file run_27.cif (mmCIF, C-alpha atoms)
data_input
loop_
_atom_site.label_atom_id
_atom_site.label_comp_id
_atom_site.auth_asym_id
_atom_site.auth_seq_id
_atom_site.Cartn_x
_atom_site.Cartn_y
_atom_site.Cartn_z
CA MET A 4 -22.22 21.85 31.35
CA SER A 5 -21.12 22.67 27.85
CA LYS A 6 -17.82 21.14 26.72
CA HIS A 7 -15.34 23.26 24.83
CA VAL A 8 -13.94 21.45 21.79
CA ILE A 9 -10.98 22.89 19.85
CA LEU A 10 -10.31 21.97 16.22
CA VAL A 11 -7.07 23.01 14.57
CA ASP A 12 -7.35 22.29 10.85
CA ASP A 13 -6.39 24.37 7.81
CA ASP A 14 -9.08 22.69 5.68
CA GLN A 15 -12.36 24.63 5.60
CA ASP A 16 -14.41 21.68 4.30
CA ASP A 17 -13.17 19.42 7.06
CA ALA A 18 -13.91 22.07 9.65
CA GLU A 19 -17.46 22.35 8.32
CA ILE A 20 -17.94 18.57 8.39
CA PHE A 21 -16.55 18.41 11.92
CA SER A 22 -18.74 21.26 13.14
CA ASP A 23 -21.89 19.70 11.67
CA ALA A 24 -21.07 16.31 13.18
CA LEU A 25 -20.56 17.92 16.56
CA SER A 26 -23.85 19.80 16.53
CA GLU A 27 -25.72 16.69 15.37
CA LEU A 28 -24.20 14.70 18.23
CA SER A 29 -25.34 17.03 20.99
CA SER A 30 -26.02 20.66 21.70
CA GLY A 31 -23.65 20.36 24.63
CA TYR A 32 -20.49 21.12 22.67
CA THR A 33 -19.02 24.50 21.82
CA LEU A 34 -16.50 24.47 18.99
CA SER A 35 -13.60 26.85 18.45
CA HIS A 36 -11.78 26.42 15.16
CA PHE A 37 -8.28 27.61 14.27
CA TYR A 38 -6.77 27.42 10.80
CA ASP A 39 -3.20 26.83 11.94
CA GLY A 40 -1.08 25.86 14.91
CA ILE A 41 0.28 29.34 15.59
CA ALA A 42 -3.21 30.84 15.84
CA ALA A 43 -4.28 27.91 18.03
CA LEU A 44 -1.36 28.35 20.43
CA SER A 45 -2.13 32.00 21.02
CA GLY A 46 -5.90 31.42 21.09
CA LEU A 47 -5.65 28.57 23.59
CA GLN A 48 -3.95 30.84 26.09
CA SER A 49 -6.70 33.46 26.08
CA LEU A 50 -9.89 31.47 25.47
CA VAL A 51 -12.27 29.70 27.82
CA PRO A 52 -10.32 26.59 28.92
CA ALA A 53 -10.53 23.75 26.38
CA ASP A 54 -11.78 20.27 27.26
CA ILE A 55 -10.38 18.46 24.24
CA ILE A 56 -8.22 19.43 21.26
CA PHE A 57 -8.27 17.93 17.76
CA LEU A 58 -5.10 18.57 15.76
CA ASP A 59 -4.87 18.04 12.02
CA VAL A 60 -1.40 16.70 11.13
CA ASN A 61 -0.68 18.32 7.76
CA MET A 62 -0.88 22.06 8.32
CA PRO A 63 1.04 25.09 7.10
CA LYS A 64 3.37 27.05 9.43
CA ILE A 65 3.71 24.38 12.12
CA ASP A 66 2.39 20.87 11.63
CA GLY A 67 0.18 19.01 14.07
CA TRP A 68 3.10 17.18 15.70
CA GLN A 69 4.94 20.38 16.52
CA CYS A 70 1.74 21.97 17.75
CA LEU A 71 1.24 18.95 20.03
CA ARG A 72 4.74 19.34 21.49
CA GLU A 73 4.23 23.06 22.06
CA ILE A 74 0.93 22.49 23.86
CA LYS A 75 2.55 19.83 26.07
CA ASN A 76 5.17 22.41 27.09
CA ILE A 77 2.59 24.86 28.40
CA SER A 78 1.85 23.93 31.99
CA PHE A 79 -1.84 24.88 32.13
CA LEU A 80 -2.59 23.21 28.73
CA LYS A 81 -0.57 20.01 29.00
CA ASP A 82 -3.31 17.92 30.63
CA ILE A 83 -5.96 18.60 27.99
CA PRO A 84 -6.55 15.42 25.95
CA ILE A 85 -5.29 15.82 22.37
CA VAL A 86 -6.58 13.81 19.43
CA MET A 87 -4.41 13.75 16.30
CA TYR A 88 -6.70 13.98 13.30
CA SER A 89 -5.21 13.07 9.90
CA THR A 90 -6.36 12.05 6.44
CA SER A 91 -4.05 9.08 6.16
CA ALA A 92 -3.84 6.19 8.61
CA PHE A 93 -0.19 5.79 7.51
CA THR A 94 0.60 8.96 9.44
CA TYR A 95 0.40 7.02 12.67
CA GLU A 96 1.67 3.63 11.73
CA ASN A 97 5.01 3.77 13.52
CA PHE A 98 3.96 4.77 17.00
CA THR A 99 1.18 4.74 19.56
CA PRO A 100 -0.66 7.82 20.87
CA GLY A 101 0.97 7.37 24.29
CA GLU A 102 4.47 7.55 22.82
CA VAL A 103 3.87 11.03 21.40
CA GLY A 104 1.76 12.37 24.26
CA ALA A 105 -1.58 12.21 22.44
CA ALA A 106 -4.78 10.79 23.89
CA ALA A 107 -5.86 9.19 20.62
CA PHE A 108 -5.33 9.06 16.86
CA LEU A 109 -8.32 9.55 14.58
CA THR A 110 -8.20 9.04 10.82
CA LYS A 111 -10.64 11.39 9.08
CA PRO A 112 -13.49 9.05 8.10
CA ASP A 113 -14.94 9.23 4.60
CA ASP A 114 -18.46 8.76 5.89
CA PHE A 115 -20.36 11.36 7.88
CA GLY A 116 -22.14 8.78 10.04
CA LYS A 117 -18.83 7.12 10.86
CA LEU A 118 -17.34 10.44 11.94
CA LYS A 119 -20.19 11.00 14.40
CA GLU A 120 -19.73 7.50 15.77
CA ARG A 121 -15.98 7.94 16.27
CA LEU A 122 -16.46 11.32 17.92
CA ARG A 123 -19.10 9.94 20.26
CA GLY A 124 -16.72 7.16 21.28
CA LEU A 125 -13.85 9.57 21.89
CA PHE A 126 -15.97 11.94 23.96
CA GLU A 127 -17.24 9.06 26.11
CA ARG A 128 -13.70 7.94 26.75
CA LEU A 129 -11.90 11.24 27.13
CA LEU A 130 -14.33 13.82 28.55
CA MET B 21 26.20 -1.32 -14.74
CA ALA B 22 28.52 -3.85 -16.42
CA GLN B 23 27.50 -5.09 -19.84
CA PRO B 24 28.45 -8.45 -21.34
CA ASN B 25 31.27 -8.16 -23.86
CA GLN B 26 29.59 -10.08 -26.57
CA GLU B 27 26.37 -11.78 -27.25
CA GLN B 28 26.11 -14.95 -29.22
CA ARG B 29 23.00 -15.99 -31.00
CA ILE B 30 22.26 -19.41 -32.30
CA SER B 31 19.08 -20.92 -33.57
CA MET B 32 17.16 -22.56 -30.82
CA ASP B 33 14.58 -25.24 -30.77
CA ALA B 34 12.13 -23.95 -28.23
CA GLU B 35 11.13 -27.48 -27.27
CA LEU B 36 14.64 -28.48 -26.36
CA SER B 37 15.96 -25.30 -24.90
CA GLU B 38 15.82 -23.93 -21.45
CA ARG B 39 16.56 -20.49 -20.11
CA LEU B 40 17.14 -19.58 -16.52
CA GLU B 41 17.77 -16.13 -15.09
CA PHE B 42 18.51 -15.52 -11.45
CA ALA B 43 20.61 -13.48 -9.08
CA ILE B 44 23.09 -14.69 -6.50
CA GLY B 45 23.95 -12.34 -3.69
CA ALA B 46 26.97 -12.22 -1.44
CA ALA B 47 26.45 -10.30 1.75
CA ASP B 48 27.78 -6.75 1.56
CA ILE B 49 29.83 -7.48 -1.58
CA GLY B 50 27.26 -7.39 -4.32
CA PHE B 51 25.34 -9.77 -6.48
CA TRP B 52 25.57 -11.54 -9.78
CA GLU B 53 22.78 -11.54 -12.30
CA VAL B 54 23.09 -14.80 -14.17
CA ASP B 55 21.45 -15.79 -17.42
CA ILE B 56 21.85 -19.39 -18.52
CA GLN B 57 20.55 -20.84 -21.75
CA THR B 58 20.96 -24.41 -22.87
CA ASN B 59 19.91 -25.96 -26.15
CA VAL B 60 20.00 -29.45 -27.49
CA VAL B 61 21.60 -29.09 -30.93
CA LYS B 62 21.73 -32.73 -31.87
CA TRP B 63 18.90 -35.05 -31.00
CA ASP B 64 18.06 -38.53 -32.16
CA GLY B 65 15.65 -39.61 -29.50
CA ARG B 66 18.18 -38.72 -26.90
CA CYS B 67 20.55 -35.85 -26.46
CA GLN B 68 23.70 -36.15 -28.54
CA GLU B 69 25.04 -32.61 -28.34
CA LEU B 70 24.28 -29.76 -26.03
CA PHE B 71 25.13 -26.11 -26.49
CA GLY B 72 24.98 -23.72 -23.61
CA LEU B 73 25.54 -20.05 -23.02
CA THR B 74 26.08 -18.34 -19.70
CA LYS B 75 26.15 -14.62 -19.06
CA ASP B 76 26.79 -13.04 -15.76
CA TYR B 77 26.92 -9.44 -14.62
CA PHE B 78 28.41 -8.49 -11.34
CA ILE B 79 26.76 -5.56 -9.58
CA PRO B 80 28.79 -4.24 -6.65
CA TYR B 81 26.88 -3.73 -3.43
CA SER B 82 27.59 0.04 -3.43
CA GLU B 83 26.12 0.42 -6.91
CA ALA B 84 23.08 -1.72 -6.11
CA ILE B 85 22.40 0.32 -2.99
CA GLN B 86 22.60 3.56 -4.96
CA HIS B 87 19.98 2.35 -7.39
CA ILE B 88 17.77 1.11 -4.61
CA HIS B 89 17.98 4.42 -2.78
CA ALA B 90 17.19 6.50 -5.85
CA ASP B 91 14.16 4.35 -6.60
CA ASP B 92 13.10 4.48 -2.98
CA LEU B 93 13.16 8.24 -2.87
CA ASP B 94 11.04 8.54 -6.00
CA LEU B 95 8.57 6.03 -4.68
CA GLN B 96 8.39 7.52 -1.23
CA GLN B 97 7.69 10.90 -2.76
CA PHE B 98 5.06 9.31 -4.93
CA ALA B 99 3.50 7.52 -1.96
CA HIS B 100 3.33 10.78 -0.08
CA VAL B 101 1.60 12.54 -2.96
CA THR B 102 -0.89 9.73 -3.38
CA SER B 103 -1.61 9.38 0.29
CA HIS B 104 -2.25 13.04 0.93
CA ASP B 105 -2.98 14.88 -2.26
CA LEU B 106 -5.18 12.26 -3.87
CA LYS B 107 -6.82 10.78 -0.82
CA GLU B 108 -7.99 14.06 0.58
CA PRO B 109 -10.32 15.20 -2.24
CA LEU B 110 -11.55 11.65 -2.61
CA ARG B 111 -12.40 11.45 1.06
CA LYS B 112 -14.41 14.66 0.68
CA ILE B 113 -16.34 13.31 -2.29
CA LYS B 114 -17.29 10.33 -0.16
CA THR B 115 -18.06 12.33 2.95
CA PHE B 116 -20.31 14.88 1.24
CA LEU B 117 -21.96 12.09 -0.71
CA SER B 118 -22.71 10.25 2.52
CA ARG B 119 -24.25 13.45 3.85
CA ILE B 120 -26.58 13.77 0.85
CA VAL B 121 -27.61 10.12 1.02
CA GLU B 122 -28.07 10.03 4.79
CA ASP B 123 -30.04 13.28 4.98
CA ALA B 124 -33.65 12.16 5.45
CA ASP B 125 -34.91 15.53 4.19
CA ASN B 126 -33.48 14.89 0.73
CA ARG B 127 -35.86 13.55 -1.86
CA TYR B 128 -34.63 12.43 -5.22
CA SER B 129 -35.86 10.18 -7.99
CA VAL B 130 -34.94 6.51 -8.26
CA LYS B 131 -32.79 7.42 -11.25
CA SER B 132 -30.87 10.04 -9.28
CA GLY B 133 -30.48 7.54 -6.46
CA GLY B 134 -28.87 5.21 -8.98
CA HIS B 135 -26.52 7.97 -10.11
CA LEU B 136 -25.50 8.69 -6.54
CA SER B 137 -24.68 5.07 -5.99
CA LYS B 138 -22.57 5.06 -9.18
CA ILE B 139 -20.61 8.04 -7.84
CA LYS B 140 -20.08 6.11 -4.61
CA ASP B 141 -18.89 2.97 -6.44
CA SER B 142 -16.46 4.99 -8.54
CA ALA B 143 -15.07 6.68 -5.45
CA GLU B 144 -14.66 3.30 -3.75
CA ARG B 145 -12.79 1.99 -6.77
CA MET B 146 -10.49 4.97 -6.82
CA GLN B 147 -9.88 4.48 -3.12
CA SER B 148 -8.81 0.90 -3.67
CA MET B 149 -6.48 1.97 -6.50
CA ILE B 150 -4.85 4.59 -4.32
CA ASP B 151 -4.43 2.09 -1.51
CA GLY B 152 -2.93 -0.30 -4.04
CA ILE B 153 -0.41 2.28 -5.24
CA LEU B 154 0.52 2.98 -1.67
CA SER B 155 1.13 -0.68 -0.90
CA TYR B 156 3.08 -1.06 -4.13
CA SER B 157 5.36 1.89 -3.48
CA ARG B 158 5.93 0.93 0.13
CA ILE B 159 7.45 -2.45 -0.72
CA ASN B 160 10.76 -0.73 -1.39
CA GLY B 161 11.33 0.50 2.13
CA ASN B 162 14.82 -0.32 3.34
CA SER B 163 13.39 -0.91 6.77
CA GLN B 164 11.89 -4.17 5.57
CA LYS B 165 13.73 -7.20 6.85
CA VAL B 166 13.76 -10.82 5.86
CA GLU B 167 11.81 -12.84 8.40
CA GLU B 168 10.55 -16.34 8.74
CA VAL B 169 6.79 -16.68 8.37
CA ASN B 170 4.38 -19.55 8.59
CA VAL B 171 3.23 -19.61 4.98
CA SER B 172 0.29 -21.94 5.49
CA ALA B 173 -1.28 -19.43 7.88
CA LEU B 174 -1.38 -16.87 5.06
CA PHE B 175 -3.35 -18.82 2.51
CA SER B 176 -6.72 -17.43 1.64
CA SER B 177 -9.63 -19.73 1.19
CA ALA B 178 -9.66 -18.80 -2.50
CA VAL B 179 -6.55 -20.86 -3.07
CA ILE B 180 -7.64 -24.43 -3.52
CA ASP B 181 -4.32 -26.13 -3.91
CA VAL B 182 -0.82 -25.40 -2.73
CA ARG B 183 2.14 -27.59 -3.52
CA SER B 184 5.73 -26.97 -2.75
CA LEU B 185 8.89 -28.73 -3.61
CA MET B 186 12.56 -28.05 -3.51
CA ILE B 187 14.49 -27.84 -6.75
CA ILE B 188 18.15 -27.35 -7.41
CA ARG B 189 19.18 -25.29 -10.37
CA ASN B 190 22.84 -24.77 -11.05
CA GLY B 191 23.78 -25.52 -7.51
CA ILE B 192 21.25 -23.13 -6.03
CA VAL B 193 18.40 -24.50 -3.99
CA PHE B 194 15.02 -22.96 -4.80
CA PHE B 195 11.65 -23.52 -3.25
CA ARG B 196 9.04 -23.98 -5.91
CA ILE B 197 5.61 -23.13 -4.54
CA GLU B 198 2.52 -23.57 -6.63
CA PHE B 199 -0.80 -21.87 -5.87
CA ALA B 200 -3.89 -22.94 -7.77
CA ASP B 201 -7.44 -21.66 -7.74
CA ASN B 202 -10.60 -22.57 -9.61
CA GLY B 203 -11.60 -19.01 -10.38
CA ILE B 204 -12.23 -17.20 -13.64
CA GLY B 205 -8.77 -17.95 -15.01
CA PHE B 206 -7.22 -16.21 -18.02
CA ASP B 207 -5.91 -16.94 -21.48
CA GLN B 208 -2.28 -18.05 -21.41
CA VAL B 209 -1.35 -15.30 -23.90
CA TYR B 210 -1.80 -12.84 -21.03
CA ALA B 211 0.51 -14.77 -18.70
CA GLU B 212 3.14 -12.01 -18.73
CA LYS B 213 0.69 -9.15 -18.83
CA VAL B 214 -1.09 -10.09 -15.62
CA PHE B 215 1.97 -8.94 -13.67
CA THR B 216 1.90 -5.41 -15.10
CA THR B 217 0.60 -2.65 -12.84
CA PHE B 218 -3.02 -1.64 -13.42
CA THR B 219 -3.61 -4.51 -15.80
CA ARG B 220 -7.04 -6.05 -15.54
CA LEU B 221 -8.24 -8.75 -17.88
CA HIS B 222 -11.91 -8.48 -16.99
CA PRO B 223 -14.40 -5.60 -16.99
CA LYS B 224 -14.16 -3.68 -13.74
CA ASP B 225 -17.86 -3.84 -13.05
CA ARG B 226 -17.72 -7.63 -13.05
CA TYR B 227 -14.73 -8.28 -10.81
CA GLU B 228 -13.26 -6.08 -8.15
CA GLY B 229 -9.66 -5.02 -8.03
CA ALA B 230 -7.28 -2.29 -8.98
CA GLY B 231 -5.01 -4.43 -11.14
CA LEU B 232 -2.14 -4.31 -8.69
CA GLY B 233 -2.26 -7.61 -6.81
CA LEU B 234 -0.04 -9.64 -9.10
CA ALA B 235 2.26 -6.68 -9.76
CA LEU B 236 2.74 -6.57 -6.01
CA CYS B 237 3.45 -10.31 -5.91
CA LYS B 238 6.02 -10.02 -8.69
CA LYS B 239 7.76 -7.15 -6.98
CA ILE B 240 7.88 -8.89 -3.61
CA VAL B 241 9.17 -12.13 -5.09
CA GLY B 242 11.75 -10.17 -7.14
CA ARG B 243 13.00 -8.41 -4.05
CA HIS B 244 13.61 -11.84 -2.58
CA HIS B 245 15.72 -12.84 -5.60
CA GLY B 246 13.07 -15.13 -6.98
CA TRP B 247 10.59 -15.09 -9.81
CA ILE B 248 6.93 -15.88 -10.45
CA GLU B 249 5.15 -17.53 -13.34
CA ALA B 250 1.46 -17.63 -14.23
CA PHE B 251 -0.57 -20.31 -15.96
CA GLY B 252 -4.23 -19.89 -16.73
CA GLU B 253 -7.18 -21.41 -18.49
CA VAL B 254 -10.27 -19.32 -19.16
CA GLY B 255 -13.15 -20.33 -16.89
CA LYS B 256 -11.16 -23.04 -15.14
CA GLY B 257 -8.67 -21.29 -12.93
CA ALA B 258 -5.16 -20.04 -12.55
CA THR B 259 -1.94 -21.40 -11.16
CA PHE B 260 0.88 -19.20 -9.95
CA VAL B 261 4.29 -20.65 -9.36
CA VAL B 262 6.72 -18.84 -7.12
CA PHE B 263 10.42 -19.66 -7.07
CA LEU B 264 12.42 -18.45 -4.10
CA PRO B 265 16.03 -19.19 -3.24
CA ALA B 266 16.13 -21.30 -0.08
CA THR B 267 18.76 -19.02 1.41
CA GLN B 268 18.11 -15.32 1.10
CA PRO B 269 21.12 -13.39 -0.09
CA ARG B 270 21.33 -9.83 1.18
CA PRO B 271 20.28 -7.16 0.40
CA LEU B 272 16.66 -7.27 -0.61
CA LEU B 273 16.58 -5.97 -4.17
#
call {"tool": "encode", "arguments": {"input": "run_27.cif", "output": "structure tokens"}}
result
Amino acid sequence: MSKHVILVDDDQDDAEIFSDALSELSSGYTLSHFYDGIAALSGLQSLVPADIIFLDVNMPKIDGWQCLREIKNISFLKDIPIVMYSTSAFTYENFTPGEVGAAAFLTKPDDFGKLKERLRGLFERLL
Amino acid sequence: MAQPNQEQRISMDAELSERLEFAIGAADIGFWEVDIQTNVVKWDGRCQELFGLTKDYFIPYSEAIQHIHADDLDLQQFAHVTSHDLKEPLRKIKTFLSRIVEDADNRYSVKSGGHLSKIKDSAERMQSMIDGILSYSRINGNSQKVEEVNVSALFSSAVIDVRSLMIIRNGIVFFRIEFADNGIGFDQVYAEKVFTTFTRLHPKDRYEGAGLGLALCKKIVGRHHGWIEAFGEVGKGATFVVFLPATQPRPLL
């Protein structure tokens, strides 16, 4: 069965890279992309249920952390695994995913092959 | 900051003079920056007359903290800009480059392949400079605490000789730790310059590095109220001598 992957990221290039990596990994993933947290929060409530959510940290309107908290407050969304997805590893240095309610932290890799590898690992563990 | 009332100058014989600058801290009160110079003014095989000059400036804790905080804010802002605004486009250069190189359908000449690898090397170098700036700016964090560490566990295999001894200068006990390597070395005229940020003494295509390592060392040692000196010989190696007060006054500078 196809898995529904959500990406919330204001960066068009990163969304393109992510989408290409996903389709090269397997045809079994459907991607929905939102440019900001507000759009994601309303979209998540009307779309086909999501299987995993990737949240960029630095975003306009509401940042990834706030978006994470909001999702965790919505009863039918709170159990969906959330991966925080940031450019800088320093973003996460003071806490663990568990402490903030995330399933994992992923630093945006600077190599396309590495991104596919990381995504494969996360899907094996979380889906 | 307090200034000395007057400054006296006398002719000095470099061979027979010594200058020592250090800071003494008193917890939560402030610290004194002390500058001591001594000169032998009469010498006939042994010292007959000695002339010395001592300057000290007292910096109250409140004032020191203000300076530290202002610097910290600037640097934190800077670190934020470097981490996000510079890293992001660089990451994309590398990602899209990896996509071109890894795409088996792409065919390009050997020459173009060489150019692609030059782009990659340049991006890598910029990455290491950005990481260096980040490390450098993050040393100021007030959250950093003085801790005991096992120094011998930190030595890299590049260091071939480490010696330490305890010295007492003007009643203050310092550890003097000497690190020597047998690497490329440097000309002694650059002994001060090696500690400046982004200073490299060798062409960047020959030796890796962003030119921040020793600047980092100097800053860390300075924060611990000590100082560092460099001695080099081209082609033979370098020796770095770190002086740290045996008891750490608070706060970290």
call {"tool": "resolve_selection", "arguments": {"input": "run_27.cif", "expression": "the PyMOL selection byres ((chain B) within 10 of (chain A))", "output": "tab-separated table (two decimals) with C-alpha atoms, in the frame of the given file"}}
result
chain	number	residue	atom	x	y	z
B	100	HIS	CA	3.33	10.78	-0.08
B	103	SER	CA	-1.61	9.38	0.29
B	104	HIS	CA	-2.25	13.04	0.93
B	105	ASP	CA	-2.98	14.88	-2.26
B	107	LYS	CA	-6.82	10.78	-0.82
B	108	GLU	CA	-7.99	14.06	0.58
B	110	LEU	CA	-11.55	11.65	-2.61
B	111	ARG	CA	-12.40	11.45	1.06
B	112	LYS	CA	-14.41	14.66	0.68
B	113	ILE	CA	-16.34	13.31	-2.29
B	114	LYS	CA	-17.29	10.33	-0.16
B	115	THR	CA	-18.06	12.33	2.95
B	116	PHE	CA	-20.31	14.88	1.24
B	117	LEU	CA	-21.96	12.09	-0.71
B	118	SER	CA	-22.71	10.25	2.52
B	119	ARG	CA	-24.25	13.45	3.85
B	120	ILE	CA	-26.58	13.77	0.85
B	122	GLU	CA	-28.07	10.03	4.79
B	154	LEU	CA	0.52	2.98	-1.67
call {"tool": "residues_around", "arguments": {"input": "run_27.cif", "residues": "region 13-15 of chain A", "least_positions_apart": "5", "cutoff": "10 Å", "atoms": "all atoms listed in the file", "output": "VMD selection string"}}
result
chain A and resid 20 to 21 36 to 40 58 to 63
call {"tool": "closest_residue", "arguments": {"input": "run_27.cif", "among": "B:Leu264, B:Ile192, B:Val121, B:Val254", "to": "Leu221 (chain B)", "atoms": "all atoms listed in the file"}}
result
B:Val254
call {"tool": "resolve_selection", "arguments": {"input": "run_27.cif", "expression": "the PyMOL selection byres ((chain A and resi 106) around 12)", "output": "ChimeraX atom specification"}}
result
/A:55-58,71,75,81-88,99-105,107-109,125-126,128-130
call {"tool": "resolve_selection", "arguments": {"input": "run_27.cif", "expression": "the PyMOL selection byres ((chain A and resi 51) around 12)", "output": "VMD selection string"}}
result
chain A and resid 5 to 9 33 to 35 46 to 50 52 to 55 80
call {"tool": "atom_distance", "arguments": {"input": "run_27.cif", "atom1": "CA of Ala173 (chain B)", "atom2": "CA of Gly257 (chain B)"}}
result
22.2 Å
call {"tool": "closest_residue", "arguments": {"input": "run_27.cif", "among": "B:Phe263, B:Trp52, B:Tyr128, B:Phe251", "to": "Arg189 (chain B)", "atoms": "all atoms listed in the file"}}
result
B:Phe263
call {"tool": "atom_distance", "arguments": {"input": "run_27.cif", "atom1": "CA of Leu234 (chain B)", "atom2": "CA of Trp247 (chain B)"}}
result
12.0 Å
call {"tool": "atom_distance", "arguments": {"input": "run_27.cif", "atom1": "CA of Tyr95 (chain A)", "atom2": "CA of Gly67 (chain A)"}}
result
12.1 Å
call {"tool": "axis_aligned_box", "arguments": {"input": "run_27.cif", "around": "region 18-34 of chain A", "padding_each_side": "4 Å", "output": "JSON"}}
result
{"center_x": -20.0, "center_y": 19.6, "center_z": 16.5, "size_x": 20.1, "size_y": 17.8, "size_z": 24.3}
call {"tool": "build_atoms", "arguments": {"input": "run_27.cif", "residues": "region 58-76 of chain B", "atoms": "N, CA and C atoms", "output": "short mmCIF file (atom, residue, chain, number, x, y, z; two decimals), in the coordinates of the input"}}
result
data_model
loop_
_atom_site.label_atom_id
_atom_site.label_comp_id
_atom_site.auth_asym_id
_atom_site.auth_seq_id
_atom_site.Cartn_x
_atom_site.Cartn_y
_atom_site.Cartn_z
N THR B 58 20.40 -23.16 -22.32
CA THR B 58 20.96 -24.41 -22.87
C THR B 58 20.07 -24.89 -24.00
N ASN B 59 20.67 -25.47 -25.01
CA ASN B 59 19.91 -25.96 -26.15
C ASN B 59 20.48 -27.31 -26.58
N VAL B 60 19.57 -28.18 -26.91
CA VAL B 60 20.00 -29.45 -27.49
C VAL B 60 20.18 -29.20 -28.98
N VAL B 61 21.39 -29.36 -29.51
CA VAL B 61 21.60 -29.09 -30.93
C VAL B 61 21.62 -30.37 -31.77
N LYS B 62 21.81 -31.48 -31.12
CA LYS B 62 21.73 -32.73 -31.87
C LYS B 62 20.90 -33.72 -31.07
N TRP B 63 19.88 -34.24 -31.73
CA TRP B 63 18.90 -35.05 -31.00
C TRP B 63 18.48 -36.22 -31.89
N ASP B 64 18.63 -37.40 -31.40
CA ASP B 64 18.06 -38.53 -32.16
C ASP B 64 17.33 -39.45 -31.19
N GLY B 65 16.37 -38.85 -30.51
CA GLY B 65 15.65 -39.61 -29.50
C GLY B 65 16.26 -39.41 -28.14
N ARG B 66 17.54 -39.13 -28.14
CA ARG B 66 18.18 -38.72 -26.90
C ARG B 66 19.23 -37.65 -27.22
N CYS B 67 19.65 -36.98 -26.23
CA CYS B 67 20.55 -35.85 -26.46
C CYS B 67 21.94 -36.32 -26.89
N GLN B 68 22.37 -35.80 -28.06
CA GLN B 68 23.70 -36.15 -28.54
C GLN B 68 24.68 -34.99 -28.32
N GLU B 69 24.18 -33.78 -28.52
CA GLU B 69 25.04 -32.61 -28.34
C GLU B 69 24.26 -31.50 -27.66
N LEU B 70 24.93 -30.82 -26.80
CA LEU B 70 24.28 -29.76 -26.03
C LEU B 70 25.10 -28.50 -26.20
N PHE B 71 24.41 -27.39 -26.42
CA PHE B 71 25.13 -26.11 -26.49
C PHE B 71 24.58 -25.19 -25.42
N GLY B 72 25.44 -24.60 -24.70
CA GLY B 72 24.98 -23.72 -23.61
C GLY B 72 25.67 -22.37 -23.64
N LEU B 73 25.01 -21.41 -23.05
CA LEU B 73 25.54 -20.05 -23.02
C LEU B 73 25.27 -19.48 -21.64
N THR B 74 26.27 -18.94 -21.03
CA THR B 74 26.08 -18.34 -19.70
C THR B 74 26.55 -16.90 -19.72
N LYS B 75 25.72 -16.02 -19.20
CA LYS B 75 26.15 -14.62 -19.06
C LYS B 75 26.03 -14.27 -17.60
N ASP B 76 26.97 -13.53 -17.11
CA ASP B 76 26.79 -13.04 -15.76
C ASP B 76 27.27 -11.60 -15.64
#
